[in-house]
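What follows is a single structure, written as structure tokens, with notes after it.
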Amino acid sequence: MVDVPVSVEAITLDLLRDARETVRTSPLGVIDTPMIPWCQTTLPLNIPCNILIKLENMQRTGPFKIRGVANQFARRPKGAHFVTVSAGNYGKSFAYASKHYGSKGKGVMPETALVSKSTLIQEENMTFLHSYDDLDLIAGHASPLSPSPTLSLLGSLGFEVLEVMPQPDVVVVCCGGGGLLAGVAAAIKLAGCEKTRIYGLEPEGACTMYKSFIEKKPVGMDTKSIESGLAPPFAGTLPYELCH
């Protein structure tokens, strides 16, 4: 388990404002992805509710991870050496950013067990970047791209949702280690949507955040899922605190 010496109070409007500007001006090409009605895709047309899907798969590297990576790399020394552990989604954005910034990067993809991070760091003299348990990464996921006239200086993946639907009844977010869920939840609650219910969606065989809520602390499990991107071996410490 990773010890993250950061409290939930660290996620503030000032932090999100800083992250907004960093991600908005990032040379990595992060975009404000569109939201479309689900009825235009696979949802039967007779469903009597308004459900929208945010197409984060349209980011340059595929998943949403580029948002957090843009903020993460911008706050690290240029040309530094980094190492990370990723099932693939974070790793793609990590590799893309490493190439752009001229950093030496090593991405480790575990087959069954979590790789010993401390050994890698010691042997390679690299700085470890976490793929979901990192304040800069979470702030980047919650980071704004375009200021909204109704939300003033706010904005983010979460705030982008609010620009289309200002008072959503329910927001459903995929949850692996919890970085995206924590960032979106923080953004929506800081925007004043007190009645909005936020749900994290996990595979049945990789429900580390659900088990963490039951145990009242971040826990791990022997995850089994065909969706490897949502099956990290443990819930992030900071994401758990923010989600809780």
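Following the order of the structure tokens, first chain is A, next is B, and so on, with residues numbered from 1 inside each chain and ligands from 1 in the order they appear.
Every protein, DNA or RNA residue with an atom at most 8 Å from stretch 103-108 of chain A, where only C-alpha atoms count and chain neighbours fewer than 2 positions away do not, is listed here: Lys78, Gly79, Ala80, His81, Phe82, Val83, Thr84, Val85, Ser86, Gly91, Phe94, Ala95, Ser98, Lys99, His100, Tyr101, Pro110 and Val115 of chain A.
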Please produce an output containing N, CA, C and O atoms for each residue in the selection, written as a short mmCIF file (atom, residue, chain, number, x, y, z; two decimals), in the first residue's frame.
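Now in part02.cif:
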data_model
loop_
_atom_site.label_atom_id
_atom_site.label_comp_id
_atom_site.auth_asym_id
_atom_site.auth_seq_id
_atom_site.Cartn_x
_atom_site.Cartn_y
_atom_site.Cartn_z
N LYS A 78 11.63 18.92 -15.94
CA LYS A 78 11.75 18.46 -17.32
C LYS A 78 13.03 17.65 -17.48
O LYS A 78 14.06 17.97 -16.91
N GLY A 79 12.93 16.60 -18.26
CA GLY A 79 14.09 15.75 -18.50
C GLY A 79 14.38 14.77 -17.39
O GLY A 79 15.39 14.06 -17.44
N ALA A 80 13.50 14.70 -16.38
CA ALA A 80 13.73 13.77 -15.28
C ALA A 80 13.43 12.34 -15.73
O ALA A 80 12.89 12.11 -16.81
N HIS A 81 13.81 11.38 -14.91
CA HIS A 81 13.59 9.97 -15.20
C HIS A 81 12.44 9.47 -14.34
O HIS A 81 12.46 9.60 -13.12
N PHE A 82 11.43 8.86 -14.97
CA PHE A 82 10.24 8.43 -14.26
C PHE A 82 9.97 6.95 -14.50
O PHE A 82 10.33 6.40 -15.54
N VAL A 83 9.32 6.33 -13.54
CA VAL A 83 8.89 4.95 -13.67
C VAL A 83 7.47 4.85 -13.13
O VAL A 83 7.08 5.59 -12.22
N THR A 84 6.67 3.98 -13.73
CA THR A 84 5.30 3.81 -13.26
C THR A 84 4.87 2.36 -13.45
O THR A 84 5.51 1.58 -14.14
N VAL A 85 3.76 2.02 -12.80
CA VAL A 85 3.12 0.73 -12.97
C VAL A 85 1.74 0.98 -13.54
O VAL A 85 0.98 1.78 -13.01
N SER A 86 1.41 0.32 -14.64
CA SER A 86 0.12 0.57 -15.29
C SER A 86 -0.35 -0.65 -16.05
O SER A 86 0.45 -1.39 -16.63
N GLY A 91 -0.41 4.10 -18.79
CA GLY A 91 0.89 3.90 -19.44
C GLY A 91 0.98 4.56 -20.80
O GLY A 91 2.04 5.07 -21.18
N PHE A 94 1.39 8.24 -20.14
CA PHE A 94 2.71 8.39 -19.53
C PHE A 94 3.80 8.34 -20.60
O PHE A 94 4.71 9.18 -20.62
N ALA A 95 3.69 7.38 -21.51
CA ALA A 95 4.69 7.25 -22.58
C ALA A 95 4.64 8.44 -23.53
O ALA A 95 5.67 8.97 -23.96
N SER A 98 6.15 11.42 -21.75
CA SER A 98 7.60 11.25 -21.60
C SER A 98 8.32 11.60 -22.90
O SER A 98 9.35 12.28 -22.89
N LYS A 99 7.76 11.15 -24.01
CA LYS A 99 8.38 11.44 -25.31
C LYS A 99 8.33 12.94 -25.61
O LYS A 99 9.31 13.52 -26.08
N HIS A 100 7.19 13.57 -25.31
CA HIS A 100 7.05 14.99 -25.60
C HIS A 100 8.02 15.83 -24.77
O HIS A 100 8.64 16.76 -25.27
N TYR A 101 8.13 15.51 -23.47
CA TYR A 101 8.95 16.31 -22.57
C TYR A 101 10.42 15.88 -22.59
O TYR A 101 11.24 16.46 -21.88
N PRO A 110 2.40 -5.25 -14.74
CA PRO A 110 2.42 -6.50 -13.97
C PRO A 110 1.52 -7.56 -14.59
O PRO A 110 0.45 -7.26 -15.11
N VAL A 115 4.36 -5.07 -8.91
CA VAL A 115 5.81 -4.97 -8.94
C VAL A 115 6.30 -4.09 -7.80
O VAL A 115 5.67 -3.10 -7.44
#
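Considering the residues A:Arg197, A:Asn71, A:Ala185, A:Lys65 and counting only C-alpha atoms, A:Pro168 has its shortest atom-to-atom contact with A:Arg197.
The smallest atom-to-atom distance between A:Tyr90 and any of A:Ile47, A:Val171, A:Gly183, A:Gly229, using only C-alpha atoms, is found for A:Gly229.
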Determine which residues of stretch 82-111 of chain A DSSP labels as helix (DSSP H, G or I) from the backbone of this structure, then write them out as a ChimeraX atom specification. /A:89-101
Output C-alpha atoms for every residue in the selection just made, as a short mmCIF file (atom, residue, chain, number, x, y, z; two decimals), in the first residue's frame.
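result34.cif written:
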data_model
loop_
_atom_site.label_atom_id
_atom_site.label_comp_id
_atom_site.auth_asym_id
_atom_site.auth_seq_id
_atom_site.Cartn_x
_atom_site.Cartn_y
_atom_site.Cartn_z
CA ASN A 89 -4.37 3.21 -20.00
CA TYR A 90 -2.18 5.40 -17.80
CA GLY A 91 0.89 3.90 -19.44
CA LYS A 92 -0.11 5.20 -22.88
CA SER A 93 -0.45 8.77 -21.64
CA PHE A 94 2.71 8.39 -19.53
CA ALA A 95 4.69 7.25 -22.58
CA TYR A 96 3.25 10.02 -24.76
CA ALA A 97 4.12 12.70 -22.19
CA SER A 98 7.60 11.25 -21.60
CA LYS A 99 8.38 11.44 -25.31
CA HIS A 100 7.05 14.99 -25.60
CA TYR A 101 8.95 16.31 -22.57
#
So that I can see what lies close to A:Ser212, please list as a PyMOL selection string the residues with an atom at most 10 Å from it, counting only C-alpha atoms and leaving out residues fewer than 4 positions away in the same chain. chain A and resi 207-208+216-221+234-237+240+244
Selection to disk with N, CA and C atoms, as a compact mmCIF listing (two decimals), in the first residue's frame:
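Below is the file part.txt, written as the result:
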# COMPACT_ATOMS: atom_id res chain seq x y z
N CYS A 207 -13.61 -5.02 -7.17
CA CYS A 207 -14.34 -3.95 -6.47
C CYS A 207 -13.56 -3.48 -5.23
N THR A 208 -12.35 -2.99 -5.45
CA THR A 208 -11.51 -2.59 -4.32
C THR A 208 -12.06 -1.39 -3.57
N LYS A 216 -13.72 0.46 5.80
CA LYS A 216 -13.44 1.81 6.29
C LYS A 216 -11.96 2.16 6.22
N LYS A 217 -11.28 1.63 5.22
CA LYS A 217 -9.88 1.95 4.96
C LYS A 217 -9.53 1.40 3.58
N PRO A 218 -8.50 1.96 2.92
CA PRO A 218 -8.12 1.43 1.60
C PRO A 218 -7.62 0.00 1.72
N VAL A 219 -8.18 -0.90 0.93
CA VAL A 219 -7.76 -2.30 0.97
C VAL A 219 -7.47 -2.80 -0.44
N GLY A 220 -6.82 -3.93 -0.51
CA GLY A 220 -6.53 -4.57 -1.77
C GLY A 220 -7.26 -5.89 -1.89
N MET A 221 -7.20 -6.49 -3.08
CA MET A 221 -7.81 -7.79 -3.30
C MET A 221 -7.17 -8.43 -4.52
N PHE A 234 -5.33 -2.54 -5.52
CA PHE A 234 -5.84 -1.88 -4.32
C PHE A 234 -6.39 -0.51 -4.66
N ALA A 235 -7.26 -0.02 -3.80
CA ALA A 235 -7.80 1.32 -3.97
C ALA A 235 -6.76 2.35 -3.52
N GLY A 236 -6.72 3.48 -4.20
CA GLY A 236 -5.78 4.52 -3.82
C GLY A 236 -6.13 5.13 -2.47
N THR A 237 -5.11 5.50 -1.70
CA THR A 237 -5.34 6.07 -0.37
C THR A 237 -6.04 7.41 -0.47
N TYR A 240 -9.56 7.13 -2.00
CA TYR A 240 -10.50 6.59 -1.03
C TYR A 240 -10.97 7.68 -0.07
N HIS A 244 -14.75 8.88 0.09
CA HIS A 244 -15.44 8.67 1.36
C HIS A 244 -16.03 9.95 1.90
Where in stretch 50-228 of chain A does DSSP assign strand (DSSP E or B), given as a VMD selection string? chain A and resid 52 to 54 59 62 81 to 85 104 to 108 127 to 128 148 152 170 to 174 197 to 201 220
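The closest residue to A:Val170, picked from A:Val23, A:Cys49, A:Leu238, A:Met109 and counting only C-alpha atoms, is A:Cys49.
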Considering only C-alpha atoms, can you say which of A:Ala70, A:Ala182, A:Leu28, A:Ala191 comes closest to A:Leu162? A:Ala191
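Between A:Ser225 and the candidates A:Ile53, A:Leu16, A:Ala139, A:Ala87, the tightest atom-to-atom separation, counting only C-alpha atoms, involves A:Ala87.
Among the candidates A:Gln167, A:Thr223, A:Ser228, A:Ser131, the one nearest to A:Met209 when counting only C-alpha atoms is A:Thr223.
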